[in-house]
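K.L.:
So here's entry23.cif (mmCIF, C-alpha atoms).
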```
data_my_file
#
loop_
_atom_site.group_PDB
_atom_site.id
_atom_site.type_symbol
_atom_site.label_atom_id
_atom_site.label_comp_id
_atom_site.auth_asym_id
_atom_site.auth_seq_id
_atom_site.Cartn_x
_atom_site.Cartn_y
_atom_site.Cartn_z
ATOM 1 C CA MET A 1 77.014 -105.713 -24.285
ATOM 2 C CA GLU A 2 78.208 -103.616 -27.209
ATOM 3 C CA LYS A 3 75.591 -101.741 -29.222
ATOM 4 C CA THR A 4 75.023 -102.550 -32.877
ATOM 5 C CA PHE A 5 75.777 -99.924 -35.503
ATOM 6 C CA ARG A 6 72.019 -99.326 -35.900
ATOM 7 C CA GLU A 7 71.578 -98.814 -32.152
ATOM 8 C CA GLN A 8 74.460 -96.322 -32.131
ATOM 9 C CA VAL A 9 72.984 -94.082 -34.847
ATOM 10 C CA ILE A 10 69.393 -94.019 -33.568
ATOM 11 C CA GLY A 11 68.537 -90.649 -32.091
ATOM 12 C CA THR A 12 68.917 -86.983 -32.960
ATOM 13 C CA TRP A 13 72.091 -85.378 -34.283
ATOM 14 C CA LYS A 14 72.902 -81.650 -34.455
ATOM 15 C CA LEU A 15 74.846 -80.252 -37.413
ATOM 16 C CA LEU A 16 78.443 -79.162 -36.786
ATOM 17 C CA GLU A 17 79.761 -78.834 -40.348
ATOM 18 C CA TYR A 18 78.372 -79.249 -43.862
ATOM 19 C CA THR A 19 80.749 -79.009 -46.810
ATOM 20 C CA ARG A 20 80.803 -80.205 -50.390
ATOM 21 C CA THR A 21 83.609 -80.613 -52.899
ATOM 22 C CA ASN A 22 83.483 -78.783 -56.231
ATOM 23 C CA THR A 23 84.809 -80.093 -59.560
ATOM 24 C CA ALA A 24 88.240 -78.548 -58.837
ATOM 25 C CA GLY A 25 88.444 -80.650 -55.646
ATOM 26 C CA GLU A 26 87.973 -77.666 -53.317
ATOM 27 C CA ARG A 27 85.682 -77.825 -50.282
ATOM 28 C CA TYR A 28 83.030 -75.154 -49.814
ATOM 29 C CA TYR A 29 80.091 -74.451 -47.482
ATOM 30 C CA PRO A 30 76.860 -74.547 -49.543
ATOM 31 C CA LEU A 31 74.775 -73.154 -46.640
ATOM 32 C CA GLY A 32 77.531 -71.088 -45.015
ATOM 33 C CA LYS A 33 79.960 -71.944 -42.228
ATOM 34 C CA ASP A 34 77.237 -71.285 -39.640
ATOM 35 C CA ALA A 35 74.584 -73.605 -41.135
ATOM 36 C CA THR A 36 72.377 -75.403 -38.617
ATOM 37 C CA GLY A 37 70.337 -78.559 -38.799
ATOM 38 C CA PHE A 38 69.164 -81.832 -37.349
ATOM 39 C CA LEU A 39 69.370 -85.430 -38.493
ATOM 40 C CA MET A 40 67.026 -87.926 -36.856
ATOM 41 C CA TYR A 41 66.936 -91.718 -36.973
ATOM 42 C CA THR A 42 63.960 -93.354 -35.286
ATOM 43 C CA GLN A 43 63.703 -96.802 -33.741
ATOM 44 C CA ASP A 44 60.972 -97.736 -36.236
ATOM 45 C CA GLY A 45 63.172 -97.144 -39.297
ATOM 46 C CA TYR A 46 62.497 -93.564 -40.416
ATOM 47 C CA MET A 47 64.886 -90.651 -40.818
ATOM 48 C CA SER A 48 64.684 -86.920 -41.385
ATOM 49 C CA ALA A 49 67.411 -84.473 -42.413
ATOM 50 C CA GLN A 50 66.910 -80.701 -42.130
ATOM 51 C CA LEU A 51 69.752 -78.257 -42.872
ATOM 52 C CA MET A 52 69.510 -74.480 -43.269
ATOM 53 C CA ALA A 53 71.543 -71.351 -43.805
ATOM 54 C CA GLN A 54 71.333 -68.713 -41.096
ATOM 55 C CA GLU A 55 69.689 -65.314 -41.547
ATOM 56 C CA ARG A 56 67.323 -66.248 -44.350
ATOM 57 C CA PRO A 57 65.089 -63.200 -44.943
ATOM 58 C CA GLU A 58 61.540 -63.322 -43.596
ATOM 59 C CA TYR A 59 58.518 -63.152 -45.885
ATOM 60 C CA THR A 60 56.974 -59.691 -46.115
ATOM 61 C CA LEU A 61 53.492 -61.104 -45.421
ATOM 62 C CA GLU A 62 52.564 -63.337 -42.475
ATOM 63 C CA GLY A 63 51.533 -66.910 -43.202
ATOM 64 C CA LEU A 64 53.009 -70.224 -44.221
ATOM 65 C CA HIS A 65 52.509 -69.846 -47.987
ATOM 66 C CA ASN A 66 52.280 -66.062 -48.308
ATOM 67 C CA GLY A 67 55.791 -65.305 -49.511
ATOM 68 C CA THR A 68 56.332 -63.946 -52.988
ATOM 69 C CA LEU A 69 57.835 -66.366 -55.501
ATOM 70 C CA GLU A 70 61.165 -64.557 -55.092
ATOM 71 C CA GLU A 71 61.003 -64.807 -51.279
ATOM 72 C CA MET A 72 60.095 -68.498 -51.387
ATOM 73 C CA ALA A 73 62.870 -69.242 -53.923
ATOM 74 C CA ARG A 74 65.432 -67.399 -51.775
ATOM 75 C CA SER A 75 64.236 -69.282 -48.694
ATOM 76 C CA ALA A 76 64.415 -72.679 -50.436
ATOM 77 C CA HIS A 77 67.894 -71.864 -51.775
ATOM 78 C CA GLY A 78 69.136 -71.775 -48.181
ATOM 79 C CA TYR A 79 67.427 -74.971 -47.065
ATOM 80 C CA HIS A 80 67.873 -78.693 -47.637
ATOM 81 C CA ALA A 81 65.400 -81.256 -46.341
ATOM 82 C CA TYR A 82 64.240 -84.807 -46.954
ATOM 83 C CA SER A 83 62.890 -87.785 -45.038
ATOM 84 C CA GLY A 84 61.742 -91.370 -45.430
ATOM 85 C CA LYS A 85 62.696 -94.912 -44.482
ATOM 86 C CA TYR A 86 66.282 -95.968 -43.921
ATOM 87 C CA GLU A 87 68.048 -99.318 -44.173
ATOM 88 C CA VAL A 88 71.166 -100.411 -42.297
ATOM 89 C CA ASP A 89 74.254 -102.274 -43.544
ATOM 90 C CA GLU A 90 75.882 -103.243 -40.233
ATOM 91 C CA GLU A 91 79.013 -104.741 -41.793
ATOM 92 C CA ASN A 92 79.901 -101.664 -43.875
ATOM 93 C CA GLN A 93 78.516 -99.109 -41.390
ATOM 94 C CA THR A 94 76.387 -97.619 -44.119
ATOM 95 C CA LEU A 95 72.814 -96.379 -44.091
ATOM 96 C CA TYR A 96 70.548 -96.146 -47.124
ATOM 97 C CA HIS A 97 68.127 -93.205 -47.113
ATOM 98 C CA HIS A 98 64.899 -93.593 -49.114
ATOM 99 C CA MET A 99 63.760 -90.099 -50.064
ATOM 100 C CA GLU A 100 59.979 -90.202 -49.749
ATOM 101 C CA VAL A 101 59.662 -86.467 -48.994
ATOM 102 C CA SER A 102 62.165 -83.963 -50.373
ATOM 103 C CA LEU A 103 62.573 -80.253 -50.986
ATOM 104 C CA ILE A 104 64.358 -81.269 -54.209
ATOM 105 C CA PRO A 105 61.703 -82.936 -56.434
ATOM 106 C CA ASN A 106 64.161 -84.936 -58.553
ATOM 107 C CA ARG A 107 65.311 -86.826 -55.425
ATOM 108 C CA LEU A 108 61.819 -88.170 -54.670
ATOM 109 C CA GLY A 109 61.735 -91.952 -54.779
ATOM 110 C CA LYS A 110 65.531 -92.190 -54.865
ATOM 111 C CA MET A 111 67.805 -94.015 -52.447
ATOM 112 C CA GLN A 112 71.249 -92.745 -51.434
ATOM 113 C CA ASP A 113 74.016 -94.285 -49.361
ATOM 114 C CA ARG A 114 75.407 -92.640 -46.244
ATOM 115 C CA LYS A 115 78.759 -93.968 -45.004
ATOM 116 C CA ILE A 116 79.015 -93.294 -41.259
ATOM 117 C CA VAL A 117 82.189 -92.949 -39.213
ATOM 118 C CA MET A 118 81.462 -93.004 -35.476
ATOM 119 C CA ASP A 119 83.702 -91.050 -33.096
ATOM 120 C CA GLY A 120 82.267 -90.930 -29.585
ATOM 121 C CA THR A 121 79.395 -88.444 -29.622
ATOM 122 C CA LYS A 122 80.092 -87.395 -33.233
ATOM 123 C CA ILE A 123 79.445 -88.956 -36.608
ATOM 124 C CA THR A 124 80.861 -88.034 -39.991
ATOM 125 C CA ILE A 125 78.804 -88.816 -43.070
ATOM 126 C CA THR A 126 80.021 -89.163 -46.641
ATOM 127 C CA SER A 127 78.284 -90.624 -49.659
ATOM 128 C CA ASN A 128 79.048 -92.137 -53.049
ATOM 129 C CA ALA A 129 75.946 -90.299 -54.329
ATOM 130 C CA THR A 130 77.078 -86.782 -53.356
ATOM 131 C CA SER A 131 80.243 -84.829 -52.649
ATOM 132 C CA SER A 132 79.049 -83.952 -49.148
ATOM 133 C CA TYR A 133 81.088 -84.201 -45.958
ATOM 134 C CA ILE A 134 78.844 -83.698 -42.932
ATOM 135 C CA VAL A 135 79.775 -83.764 -39.252
ATOM 136 C CA TRP A 136 77.070 -84.164 -36.608
ATOM 137 C CA GLU A 137 77.123 -84.384 -32.817
ATOM 138 C CA ARG A 138 74.564 -86.186 -30.701
ATOM 139 C CA ALA A 139 71.907 -83.699 -29.633
ATOM 140 C CA PRO A 140 70.975 -83.396 -25.948
ATOM 141 C CA ASP A 141 68.194 -85.685 -24.756
ATOM 142 C CA HIS A 142 65.066 -83.621 -24.169
ATOM 143 C CA SER A 143 62.712 -86.575 -23.612
ATOM 144 C CA LYS A 144 62.151 -85.655 -19.978
ATOM 145 C CA ASN A 145 61.120 -82.035 -20.714
ATOM 146 C CA SER A 146 57.522 -81.204 -19.888
ATOM 147 C CA LEU A 147 55.380 -78.127 -19.325
#
```
Could you render the structure from this file as structure tokens?

P.N.:
Amino acid sequence: MEKTFREQVIGTWKLLEYTRTNTAGERYYPLGKDATGFLMYTQDGYMSAQLMAQERPEYTLEGLHNGTLEEMARSAHGYHAYSGKYEVDEENQTLYHHMEVSLIPNRLGKMQDRKIVMDGTKITITSNATSSYIVWERAPDHSKNSL
């Protein structure tokens, strides 16, 4: 029996490419060509997206919130993250992300579309809400790992 669109996207995806298009129509890499990240869709209807630039400088002091304002701003500039519920439009192969937690405060409480193109173990995501073009590959299954 063939899987539904929802069943196909559930799981964890590893970032392969993240680009955006500027006003001149040119593609660029907002977090660098070597950006890394994960996108997760859970069975119970939640999602999380985490993308980051490589080689972000460490804080000079140890601790979660002990960076200077400049260090924290530089760190946030190289990071993009949000999570919340998602809805599925099977017919149009589109997901709707509800941003309940976000690094960008003005996205809180917003919903954005994510058009998904499936290609084997890869998905490509575009959106009417942003100029992003994001390619992900299914991450390896680590559910059987134990200590």

K.L.:
List, as an MDAnalysis selection string, every residue that the PyMOL selection byres ((chain A and resi 116) around 8) selects in the file provided.

P.N.:
chainID A and resid 93:95 114:115 117:118 123:126

K.L.:
Fewer than 6 positions away in the same chain doesn't count, so skip those; otherwise give me all residues within 12 Å of Arg107 (chain A), counting only C-alpha atoms, as a list in words.

P.N.:
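The filter keeps His80, Ala81, Tyr82, Ser83, Gly84, His97, His98, Met99, Glu100, Val101, Ala129 and Thr130 of chain A.
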
K.L.:
So how far away is CA of Glu17 (chain A) from CA of Lys122 (chain A), in Å?

P.N.:
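These two atoms are separated by 11.1 Å.
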
K.L.:
Give me, as JSON, numbers by chain, all polymer residues having an atom no more than 9 Å from Leu51 (chain A), counting all atoms listed in the file and skipping those fewer than 5 positions away in the same chain.

P.N.:
{"A": [15, 18, 31, 35, 36, 37, 38, 39, 78, 79, 80, 81]}

K.L.:
With C-alpha atoms retained, export the selected residues as a PDB file, in the frame of the given file.

P.N.:
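Ended up saving to selection_25.pdb:
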```pdb
ATOM      1  CA  LEU A  15      74.846 -80.252 -37.413  1.00  0.00           C
ATOM      2  CA  TYR A  18      78.372 -79.249 -43.862  1.00  0.00           C
ATOM      3  CA  LEU A  31      74.775 -73.154 -46.640  1.00  0.00           C
ATOM      4  CA  ALA A  35      74.584 -73.605 -41.135  1.00  0.00           C
ATOM      5  CA  THR A  36      72.377 -75.403 -38.617  1.00  0.00           C
ATOM      6  CA  GLY A  37      70.337 -78.559 -38.799  1.00  0.00           C
ATOM      7  CA  PHE A  38      69.164 -81.832 -37.349  1.00  0.00           C
ATOM      8  CA  LEU A  39      69.370 -85.430 -38.493  1.00  0.00           C
ATOM      9  CA  GLY A  78      69.136 -71.775 -48.181  1.00  0.00           C
ATOM     10  CA  TYR A  79      67.427 -74.971 -47.065  1.00  0.00           C
ATOM     11  CA  HIS A  80      67.873 -78.693 -47.637  1.00  0.00           C
ATOM     12  CA  ALA A  81      65.400 -81.256 -46.341  1.00  0.00           C
TER      13      ALA A  81
END
```

K.L.:
So, with all atoms listed in the file as the atoms that count, which of A:Gly45, A:Ser143, A:Tyr86, A:Arg56 lies closest to Met72 (chain A)?

P.N.:
A:Arg56

K.L.:
Give me, as a PyMOL selection string, all polymer residues having an atom no more than 9 Å from Arg6 (chain A), counting only C-alpha atoms and skipping those fewer than 4 positions away in the same chain.

P.N.:
chain A and resi 10+43+88-90+93+95

K.L.:
With only C-alpha atoms as the counted atoms, please give the residues lying no more than 8 Å from Trp13 (chain A), apart from itself and same-chain residues fewer than 3 positions off, as a CSV table (one decimal) with C-alpha atoms, keeping the file's coordinate frame.

P.N.:
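Generated output (result.csv):
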```
chain,number,residue,atom,x,y,z
A,38,PHE,CA,69.2,-81.8,-37.3
A,39,LEU,CA,69.4,-85.4,-38.5
A,40,MET,CA,67.0,-87.9,-36.9
A,136,TRP,CA,77.1,-84.2,-36.6
A,137,GLU,CA,77.1,-84.4,-32.8
A,138,ARG,CA,74.6,-86.2,-30.7
A,139,ALA,CA,71.9,-83.7,-29.6
```

K.L.:
Name the closest residue to Gly11 (chain A) among the candidates A:Asn92, A:Thr60, A:Thr42, A:Ser127; distances are taken between atoms, counting only C-alpha atoms.

P.N.:
A:Thr42

K.L.:
Put the listed atoms of region 2-16 of chain A in a box along x, y and z with 4 Å added on every side and give me the centre and edge lengths in Å to one decimal, as AutoDock Vina command-line options.

P.N.:
```
--center_x 73.5 --center_y -91.4 --center_z -32.3 --size_x 17.9 --size_y 32.5 --size_z 18.2
```

K.L.:
Find the residue from A:Gln50, A:Thr121, A:Asn128, A:Gln112 that sits nearest to Pro140 (chain A); use all atoms listed in the file when measuring.

P.N.:
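Of A:Gln50, A:Thr121, A:Asn128, A:Gln112, the one nearest Pro140 (chain A), counting all atoms listed in the file, is A:Thr121.
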
K.L.:
Rank nothing, just name the residue among A:Ile104, A:Ala76, A:Leu64, A:Ile134 nearest to Lys14 (chain A), using only C-alpha atoms.

P.N.:
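Smallest separation from Lys14 (chain A) among the options: A:Ile134.
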
K.L.:
For Thr68 (chain A), work out the shell of residues within 12 Å, counting all atoms listed in the file and skipping chain neighbours fewer than 6 positions away, then give it as a PyMOL selection string.

P.N.:
chain A and resi 57-62+74-75

K.L.:
To one decimal place in Å, what is the distance between CA of Ala53 (chain A) and CA of Asn66 (chain A)?

P.N.:
20.5 Å

K.L.:
Pick out the closest residue to Glu55 (chain A) from this set: A:Asp34, A:Thr12, A:Tyr28, A:Asn106. Count all atoms listed in the file.

P.N.:
A:Asp34

K.L.:
Would you mind reading off the distance between CA of Glu91 (chain A) and CA of Gly109 (chain A), one decimal, in Å?

P.N.:
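Interatomic distance here is 25.1 Å.
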
K.L.:
My list of candidates is A:Asp141, A:Thr21, A:Lys85, A:Glu71. Which is closest to Asp44 (chain A) when distances are computed with only C-alpha atoms?

P.N.:
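Closest residue, counting only C-alpha atoms: A:Lys85.
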